[in-house]
Amino acid sequence: MEIKQIKNLILVIIILFVVFVVIFWFGGDDNLKIKGEKEKQNSFSDSETLVDEFFGAYLKDIAPNGNIVEFNMIAEESEVEIFDGVKTKVWAYNGSVPGPQLRIKLGDTLKINFINKLPQETTVHFHGVRVPNAMDGVPGVTQDPIKPGEKFVYEFTPKDAGTFWFHPHVRTSEQVERGLFGTLVVEDDTPKQYSQDVVWVIDDWKMSEDRQVVDKFNTIMELRHDGRWGNVMTVNGKLDEVLNTKPGERIRLRLVNTSNARVYKLNFGELSSKVIAVDGMYVKKVFDVKDFELAPGNRVDLDISIPKNGNKKEYVIYDNFTRNPIKLAKIKVSGSVVKIPNFSFPINKKVPDWQGAFFEKIDKEYVLDARRKKGGSGAGMMTEPEWTINGKAYPDYDPFTLKYGEFNKIRFKNNSSRLHPMHLHGQFFKVTSRNGVPSNEQYFRDTVLVKPKEFVDIALVPLDKGTWVNHCHILEHAAAGMITAVTVE
Ligand code: C2O
Ligand code: CU
């Protein structure tokens, strides 16, 4: 070998060594880096993936179709006849309980010329409707209370088709119990051809012997327990509501729980009744209504098939939430068989599974609890309580910001032994787990029942900016402080 060749060989060996060292050293480091990056990217891309999975589930914005549907609505004292021959004094929208059923189409703009003729201030809140923040009807947050004799115009274009309702947000436990609530149905562009599309407003009243609304509100008993549970049940303001149907019909039945505090578990017996929508929004997969607890504020839309051979049948609908079944209403069948409407369930395939949501971090925890109210009335077993969220009773609250268009996760941790149907204004969310067990709920909600000592995780991608209250829909609990607020920005 010549010296030159040896030199070259040594050079090659050195170069190879350097290359090897570089690859080993930096490569190794690089691997670490990549691994680290990957970890970061993973958690980053996970929540990104969750957002991607969400988009298209419902509209970000609605294009108004230019059609303005106008209603005049007056809140005033009135009388209704629930019991034959007895006038019950109520407070009502346009003189009836329930108040008007407003029906519009998706894309229509709803304009409500509202007049307050009550002896108290009030507002109107459209429960579950994604409205511009200023139209949300929350005194001190989105508007000033409407004084007796004053007017207010609510105008907005709902972003979602579905079943909604409205009620005051001032002294809510009193005003709703006295009869102030109505429903809003926003129809799809091309609704499915159901034989009938019917709303059932389910309510309970606490009445005295002479069939009047007991006018002591927020009693210590109600505040300390699960709120005001009534002793008279009505569906659409009647003790014996009947839905008349024909064999073979397919009915869309929209159920709304307007009770102050009562939860229902509906039993339709042998009648096939599938839930197609929860809180206004179509589900991803239908399920039986007996598997849903209809808490105050909640709605479910049912797809009911009346059997072809059902002529002369009568189905009694019960509530099975408590130990004593309660008769709510009836579905009667008579006549000759109609042509069975044939279409698939109107569902929303784009509801995200959010399997990965379970592993995401909690952005905000809300601890739900009670304490003795400082300076409150009563003593011992009859101490006036205060219901708190993170140790604060509204109007004191723990403010929190939700990130617009991003994945957010919230935990409701119920440290008390009472029920808390938690309602978030202006947003839909999905339950991701209960007591740490992943949930298989295939739908959005705006209200979730949190049971005693339970913790429930929910997730959402907020698409509606503003400050939105988040409160227990047991109206007595809310009255005793169980309200907080989030700001979406
Ligand atoms: Cu139906 Cu703030 O509630
Ligand atoms: Cu509560």
# chains A, B, ... in the order shown; residues from 1 in each chain; ligands from 1

$ closest_atom_pairs --of "chain A" --to "ligand 1" --cutoff "9 Å" --atoms "only C-alpha atoms and all ligand atoms" --output "Markdown table"
| residue | atom | partner | partner_atom_place_in_ligand_line | distance |
| --- | --- | --- | --- | --- |
| A:His125 | CA | ligand 1 | 3 (O) | 6.7 |
| A:Phe126 | CA | ligand 1 | 1 (Cu) | 7.2 |
| A:His127 | CA | ligand 1 | 1 (Cu) | 4.6 |
| A:Gly128 | CA | ligand 1 | 1 (Cu) | 7.4 |
| A:Asp136 | CA | ligand 1 | 2 (Cu) | 8.8 |
| A:Gly137 | CA | ligand 1 | 2 (Cu) | 8.7 |
| A:Val138 | CA | ligand 1 | 2 (Cu) | 7.5 |
| A:Trp165 | CA | ligand 1 | 1 (Cu) | 7.7 |
| A:Phe166 | CA | ligand 1 | 1 (Cu) | 7.0 |
| A:His167 | CA | ligand 1 | 1 (Cu) | 6.7 |
| A:Pro168 | CA | ligand 1 | 3 (O) | 8.3 |
| A:His169 | CA | ligand 1 | 2 (Cu) | 6.4 |
| A:Thr172 | CA | ligand 1 | 3 (O) | 8.6 |
| A:Thr258 | CA | ligand 1 | 1 (Cu) | 8.3 |
| A:Pro296 | CA | ligand 1 | 1 (Cu) | 8.0 |
| A:Gly297 | CA | ligand 1 | 1 (Cu) | 5.4 |
| A:Asn298 | CA | ligand 1 | 1 (Cu) | 8.7 |
| A:His423 | CA | ligand 1 | 3 (O) | 6.6 |
| A:Leu424 | CA | ligand 1 | 2 (Cu) | 7.4 |
| A:His425 | CA | ligand 1 | 2 (Cu) | 6.3 |
| A:Thr447 | CA | ligand 1 | 1 (Cu) | 8.8 |
| A:Trp468 | CA | ligand 1 | 2 (Cu) | 8.8 |
| A:Val469 | CA | ligand 1 | 2 (Cu) | 6.6 |
| A:Asn470 | CA | ligand 1 | 2 (Cu) | 7.0 |
| A:His471 | CA | ligand 1 | 2 (Cu) | 6.4 |
| A:Cys472 | CA | ligand 1 | 2 (Cu) | 8.1 |
| A:His473 | CA | ligand 1 | 3 (O) | 6.5 |
| A:Leu475 | CA | ligand 1 | 3 (O) | 8.7 |
| A:Ala478 | CA | ligand 1 | 2 (Cu) | 8.8 |
| A:Ile483 | CA | ligand 1 | 2 (Cu) | 8.7 |

$ write_last_selection --atoms "C-alpha atoms" --output "PDB file, in the first residue's frame"
ATOM      1  CA  HIS A 125     -84.662  33.148  28.502  1.00  0.00           C
ATOM      2  CA  PHE A 126     -84.764  30.766  25.551  1.00  0.00           C
ATOM      3  CA  HIS A 127     -83.501  27.537  27.034  1.00  0.00           C
ATOM      4  CA  GLY A 128     -81.084  25.636  24.803  1.00  0.00           C
ATOM      5  CA  ASP A 136     -80.107  35.333  26.502  1.00  0.00           C
ATOM      6  CA  GLY A 137     -82.404  36.959  29.033  1.00  0.00           C
ATOM      7  CA  VAL A 138     -80.182  36.798  32.103  1.00  0.00           C
ATOM      8  CA  TRP A 165     -88.553  26.218  25.609  1.00  0.00           C
ATOM      9  CA  PHE A 166     -88.548  29.596  27.247  1.00  0.00           C
ATOM     10  CA  HIS A 167     -89.083  30.886  30.758  1.00  0.00           C
ATOM     11  CA  PRO A 168     -88.230  33.887  32.944  1.00  0.00           C
ATOM     12  CA  HIS A 169     -84.791  34.247  34.509  1.00  0.00           C
ATOM     13  CA  THR A 172     -87.273  31.889  38.318  1.00  0.00           C
ATOM     14  CA  THR A 258     -90.696  22.479  32.773  1.00  0.00           C
ATOM     15  CA  PRO A 296     -85.754  19.889  34.743  1.00  0.00           C
ATOM     16  CA  GLY A 297     -84.871  21.718  31.543  1.00  0.00           C
ATOM     17  CA  ASN A 298     -84.305  18.556  29.481  1.00  0.00           C
ATOM     18  CA  HIS A 423     -77.504  23.593  32.665  1.00  0.00           C
ATOM     19  CA  LEU A 424     -75.078  25.573  30.572  1.00  0.00           C
ATOM     20  CA  HIS A 425     -76.536  28.441  28.568  1.00  0.00           C
ATOM     21  CA  THR A 447     -78.516  19.984  30.853  1.00  0.00           C
ATOM     22  CA  TRP A 468     -73.218  32.457  29.770  1.00  0.00           C
ATOM     23  CA  VAL A 469     -74.578  31.298  33.082  1.00  0.00           C
ATOM     24  CA  ASN A 470     -74.204  27.735  34.178  1.00  0.00           C
ATOM     25  CA  HIS A 471     -76.572  26.687  36.930  1.00  0.00           C
ATOM     26  CA  CYS A 472     -78.560  24.028  38.610  1.00  0.00           C
ATOM     27  CA  HIS A 473     -82.003  23.735  37.013  1.00  0.00           C
ATOM     28  CA  LEU A 475     -84.794  26.335  40.480  1.00  0.00           C
ATOM     29  CA  ALA A 478     -80.306  28.230  41.713  1.00  0.00           C
ATOM     30  CA  ILE A 483     -75.216  29.657  39.585  1.00  0.00           C
TER      31      ILE A 483
END

$ residues_near_ligand --ligand "ligand 2" --cutoff "6 Å" --atoms "only C-alpha atoms and all ligand atoms" --output "ChimeraX atom specification"
/A:419-420,472,474,477

$ residues_around --residues "A:Lys374" --least-positions-apart "3" --cutoff "9 Å" --atoms "only C-alpha atoms" --output "PyMOL selection string"
chain A and resi 371+377+384-386

$ residues_around --residues "A:Ile82" --least-positions-apart "5" --cutoff "7 Å" --atoms "only C-alpha atoms" --output "list in words"
Gly237, Lys238 and Leu239 of chain A

$ write_last_selection --atoms "all heavy atoms" --output "compact mmCIF listing (two decimals), in the first residue's frame"
# COMPACT_ATOMS: atom_id res chain seq x y z
N GLY A 237 -100.78 21.32 30.55
CA GLY A 237 -101.71 22.02 31.43
C GLY A 237 -102.95 21.21 31.78
O GLY A 237 -103.88 21.74 32.38
N LYS A 238 -102.95 19.92 31.41
CA LYS A 238 -104.14 19.10 31.69
C LYS A 238 -103.79 17.92 32.57
O LYS A 238 -102.69 17.37 32.52
CB LYS A 238 -104.73 18.58 30.38
CG LYS A 238 -105.25 19.68 29.47
CD LYS A 238 -106.08 19.08 28.35
CE LYS A 238 -106.20 20.06 27.20
NZ LYS A 238 -105.30 19.72 26.09
N LEU A 239 -104.79 17.50 33.37
CA LEU A 239 -104.58 16.36 34.25
C LEU A 239 -104.65 15.05 33.48
O LEU A 239 -104.15 14.03 33.93
CB LEU A 239 -105.68 16.34 35.32
CG LEU A 239 -105.70 17.55 36.26
CD1 LEU A 239 -106.98 17.54 37.10
CD2 LEU A 239 -104.47 17.58 37.14

$ atom_distance --atom1 "atom CA of A:Glu81" --atom2 "atom CA of A:Gln212"
10.8 Å

$ select_by_dssp --residues "stretch 165-312 of chain A" --states "strand (DSSP E or B)" --output "PyMOL selection string"
chain A and resi 165-167+182-187+196-205+207+213+232-235+238+241-245+250-257+264-267+272-278+281-288+293-294+299-305

$ atom_distance --atom1 "atom CA of A:Asn435" --atom2 "atom CA of A:Pro452"
11.1 Å

$ closest_residue --among "A:Val256, A:Ile347, A:Val201, A:Val141" --to "A:Met281" --atoms "only C-alpha atoms"
A:Ile347

$ closest_residue --among "A:Val90, A:Leu110, A:Met233, A:Met135" --to "A:Val176" --atoms "only C-alpha atoms"
A:Val90

$ select_by_dssp --residues "stretch 62-175 of chain A" --states "alpha helix (DSSP H)" --output "list of chain:residue names"
A:Thr172, A:Ser173, A:Glu174, A:Gln175

$ write_last_selection --atoms "N, CA and C atoms" --output "CSV table (one decimal), in the first residue's frame"
chain,number,residue,atom,x,y,z
A,172,THR,N,-86.8,33.0,39.2
A,172,THR,CA,-87.3,31.9,38.3
A,172,THR,C,-88.1,30.8,39.0
A,173,SER,N,-87.7,30.5,40.3
A,173,SER,CA,-88.4,29.4,41.0
A,173,SER,C,-89.9,29.8,41.2
A,174,GLU,N,-90.1,31.1,41.5
A,174,GLU,CA,-91.5,31.5,41.6
A,174,GLU,C,-92.2,31.7,40.3
A,175,GLN,N,-91.6,32.4,39.4
A,175,GLN,CA,-92.3,32.7,38.1
A,175,GLN,C,-92.6,31.5,37.2

$ closest_atom_pairs --of "stretch 172-230 of chain A" --to "stretch 260-271 of chain A" --cutoff "12 Å" --atoms "only C-alpha atoms" --output "Markdown table"
| residue | atom | partner | partner_atom | distance |
| --- | --- | --- | --- | --- |
| A:Thr172 | CA | A:Asn260 | CA | 8.7 |
| A:Ser173 | CA | A:Asn260 | CA | 6.4 |
| A:Glu174 | CA | A:Asn260 | CA | 9.0 |
| A:Gln175 | CA | A:Asn260 | CA | 9.9 |
| A:Val176 | CA | A:Asn260 | CA | 7.1 |
| A:Glu177 | CA | A:Asn260 | CA | 6.5 |
| A:Arg178 | CA | A:Asn260 | CA | 10.3 |
| A:Gly179 | CA | A:Asn260 | CA | 10.6 |
| A:Leu180 | CA | A:Asn260 | CA | 11.3 |
| A:Phe181 | CA | A:Asn260 | CA | 11.2 |
| A:Ile202 | CA | A:Tyr264 | CA | 9.0 |
| A:Asp203 | CA | A:Asn260 | CA | 8.1 |
| A:Asp204 | CA | A:Arg262 | CA | 7.4 |
| A:Trp205 | CA | A:Asn260 | CA | 8.7 |
| A:Lys206 | CA | A:Asn260 | CA | 10.0 |
| A:Phe217 | CA | A:Asn260 | CA | 11.0 |
| A:Asn218 | CA | A:Asn260 | CA | 10.8 |
| A:Glu222 | CA | A:Ala261 | CA | 9.4 |
| A:Leu223 | CA | A:Ala261 | CA | 10.7 |
| A:His225 | CA | A:Ala261 | CA | 10.0 |
| A:Asp226 | CA | A:Ala261 | CA | 6.6 |
| A:Gly227 | CA | A:Ala261 | CA | 5.3 |
| A:Arg228 | CA | A:Ala261 | CA | 5.7 |
| A:Trp229 | CA | A:Arg262 | CA | 5.7 |
| A:Gly230 | CA | A:Arg262 | CA | 7.8 |

$ closest_residue --among "A:Asn257, A:Asn390, A:Asn65, A:Thr219" --to "A:Asn414" --atoms "only C-alpha atoms"
A:Asn390

$ closest_atom_pairs --of "stretch 113-199 of chain A" --to "stretch 60-63 of chain A" --cutoff "9 Å" --atoms "only C-alpha atoms" --output "tab-separated table"
residue	atom	partner	partner_atom	distance
A:Thr157	CA	A:Ile62	CA	7.4
A:Pro158	CA	A:Ile62	CA	7.6
A:Lys159	CA	A:Ile62	CA	5.3
A:Asp160	CA	A:Ile62	CA	8.3

$ write_last_selection --atoms "N, CA and C atoms" --output "PDB file, in the first residue's frame"
ATOM      1  N   THR A 157     -81.996  34.619  15.290  1.00  0.00           N
ATOM      2  CA  THR A 157     -82.198  33.512  14.357  1.00  0.00           C
ATOM      3  C   THR A 157     -81.597  32.263  15.005  1.00  0.00           C
ATOM      4  N   PRO A 158     -82.445  31.344  15.484  1.00  0.00           N
ATOM      5  CA  PRO A 158     -81.887  30.156  16.143  1.00  0.00           C
ATOM      6  C   PRO A 158     -80.943  29.408  15.199  1.00  0.00           C
ATOM      7  N   LYS A 159     -79.862  28.902  15.774  1.00  0.00           N
ATOM      8  CA  LYS A 159     -78.864  28.226  14.945  1.00  0.00           C
ATOM      9  C   LYS A 159     -79.148  26.741  14.737  1.00  0.00           C
ATOM     10  N   ASP A 160     -80.089  26.221  15.521  1.00  0.00           N
ATOM     11  CA  ASP A 160     -80.352  24.785  15.448  1.00  0.00           C
ATOM     12  C   ASP A 160     -81.847  24.530  15.320  1.00  0.00           C
TER      13      ASP A 160
END

$ closest_residue --among "A:Pro139, A:Pro100, A:Gly107, A:Pro119" --to "A:Pro395" --atoms "only C-alpha atoms"
A:Pro139

$ residues_around --residues "A:Ile68" --least-positions-apart "5" --cutoff "7 Å" --atoms "only C-alpha atoms" --output "ChimeraX atom specification"
/A:108-111

$ residues_around --residues "A:Trp387" --least-positions-apart "3" --cutoff "9 Å" --atoms "only C-alpha atoms" --output "list of chain:residue names"
A:Leu223, A:Arg224, A:Leu368, A:Asp369, A:Ala370, A:Arg371, A:Arg372, A:Lys373, A:Gly391, A:Lys392, A:Ala393, A:Tyr394, A:His477, A:Ala478, A:Ala479, A:Ala480, A:Gly481, A:Met482, A:Ile483

$ write_last_selection --atoms "N, CA and C atoms" --output "PDB file, in the first residue's frame"
ATOM      1  N   LEU A 223     -85.477  24.282  49.766  1.00  0.00           N
ATOM      2  CA  LEU A 223     -84.077  24.659  49.547  1.00  0.00           C
ATOM      3  C   LEU A 223     -83.126  23.567  50.026  1.00  0.00           C
ATOM      4  N   ARG A 224     -83.456  22.970  51.154  1.00  0.00           N
ATOM      5  CA  ARG A 224     -82.551  21.968  51.723  1.00  0.00           C
ATOM      6  C   ARG A 224     -82.585  20.657  50.951  1.00  0.00           C
ATOM      7  N   LEU A 368     -69.884  21.107  43.649  1.00  0.00           N
ATOM      8  CA  LEU A 368     -71.254  21.481  44.003  1.00  0.00           C
ATOM      9  C   LEU A 368     -71.517  21.077  45.447  1.00  0.00           C
ATOM     10  N   ASP A 369     -71.936  22.037  46.236  1.00  0.00           N
ATOM     11  CA  ASP A 369     -72.132  21.716  47.646  1.00  0.00           C
ATOM     12  C   ASP A 369     -73.086  22.720  48.316  1.00  0.00           C
ATOM     13  N   ALA A 370     -73.401  22.440  49.563  1.00  0.00           N
ATOM     14  CA  ALA A 370     -74.286  23.330  50.319  1.00  0.00           C
ATOM     15  C   ALA A 370     -73.598  23.735  51.610  1.00  0.00           C
ATOM     16  N   ARG A 371     -74.041  24.848  52.153  1.00  0.00           N
ATOM     17  CA  ARG A 371     -73.560  25.252  53.478  1.00  0.00           C
ATOM     18  C   ARG A 371     -74.666  26.084  54.125  1.00  0.00           C
ATOM     19  N   ARG A 372     -74.459  26.334  55.379  1.00  0.00           N
ATOM     20  CA  ARG A 372     -75.419  27.146  56.102  1.00  0.00           C
ATOM     21  C   ARG A 372     -75.250  28.595  55.649  1.00  0.00           C
ATOM     22  N   LYS A 373     -76.375  29.254  55.388  1.00  0.00           N
ATOM     23  CA  LYS A 373     -76.288  30.629  54.925  1.00  0.00           C
ATOM     24  C   LYS A 373     -76.000  31.566  56.098  1.00  0.00           C
ATOM     25  N   GLY A 391     -67.476  26.836  46.353  1.00  0.00           N
ATOM     26  CA  GLY A 391     -67.525  27.607  47.595  1.00  0.00           C
ATOM     27  C   GLY A 391     -68.124  28.995  47.457  1.00  0.00           C
ATOM     28  N   LYS A 392     -68.732  29.268  46.308  1.00  0.00           N
ATOM     29  CA  LYS A 392     -69.332  30.592  46.132  1.00  0.00           C
ATOM     30  C   LYS A 392     -70.815  30.475  45.814  1.00  0.00           C
ATOM     31  N   ALA A 393     -71.561  31.417  46.358  1.00  0.00           N
ATOM     32  CA  ALA A 393     -72.997  31.445  46.089  1.00  0.00           C
ATOM     33  C   ALA A 393     -73.288  32.701  45.272  1.00  0.00           C
ATOM     34  N   TYR A 394     -73.959  32.508  44.136  1.00  0.00           N
ATOM     35  CA  TYR A 394     -74.283  33.617  43.240  1.00  0.00           C
ATOM     36  C   TYR A 394     -75.065  34.693  43.991  1.00  0.00           C
ATOM     37  N   HIS A 477     -82.494  25.539  44.038  1.00  0.00           N
ATOM     38  CA  HIS A 477     -81.043  25.517  44.262  1.00  0.00           C
ATOM     39  C   HIS A 477     -80.402  26.740  43.603  1.00  0.00           C
ATOM     40  N   ALA A 478     -80.847  27.048  42.405  1.00  0.00           N
ATOM     41  CA  ALA A 478     -80.306  28.230  41.713  1.00  0.00           C
ATOM     42  C   ALA A 478     -80.616  29.485  42.534  1.00  0.00           C
ATOM     43  N   ALA A 479     -81.857  29.534  43.066  1.00  0.00           N
ATOM     44  CA  ALA A 479     -82.259  30.706  43.860  1.00  0.00           C
ATOM     45  C   ALA A 479     -81.384  30.842  45.098  1.00  0.00           C
ATOM     46  N   ALA A 480     -80.875  29.713  45.600  1.00  0.00           N
ATOM     47  CA  ALA A 480     -80.045  29.738  46.804  1.00  0.00           C
ATOM     48  C   ALA A 480     -78.561  29.789  46.467  1.00  0.00           C
ATOM     49  N   GLY A 481     -78.250  30.198  45.252  1.00  0.00           N
ATOM     50  CA  GLY A 481     -76.845  30.489  44.929  1.00  0.00           C
ATOM     51  C   GLY A 481     -76.164  29.623  43.898  1.00  0.00           C
ATOM     52  N   MET A 482     -76.814  28.519  43.475  1.00  0.00           N
ATOM     53  CA  MET A 482     -76.096  27.565  42.623  1.00  0.00           C
ATOM     54  C   MET A 482     -76.047  27.989  41.148  1.00  0.00           C
ATOM     55  N   ILE A 483     -75.365  29.090  40.928  1.00  0.00           N
ATOM     56  CA  ILE A 483     -75.216  29.657  39.585  1.00  0.00           C
ATOM     57  C   ILE A 483     -73.772  30.100  39.446  1.00  0.00           C
TER      58      ILE A 483
END

$ atom_distance --atom1 "atom CA of A:Lys339" --atom2 "atom CA of A:Phe287"
24.5 Å

$ residues_around --residues "A:Lys327" --least-positions-apart "2" --cutoff "8 Å" --atoms "only C-alpha atoms" --output "list in words"
Val316, Ile317, Tyr318, Asp319, Pro325 and Ala329 of chain A

$ closest_residue --among "A:Asp46, A:Asp144, A:Asp240, A:Glu406" --to "A:Val124" --atoms "only C-alpha atoms"
A:Asp144

$ closest_residue --among "A:Phe428, A:Val289, A:Leu463, A:Ile220" --to "A:Val448" --atoms "only C-alpha atoms"
A:Phe428
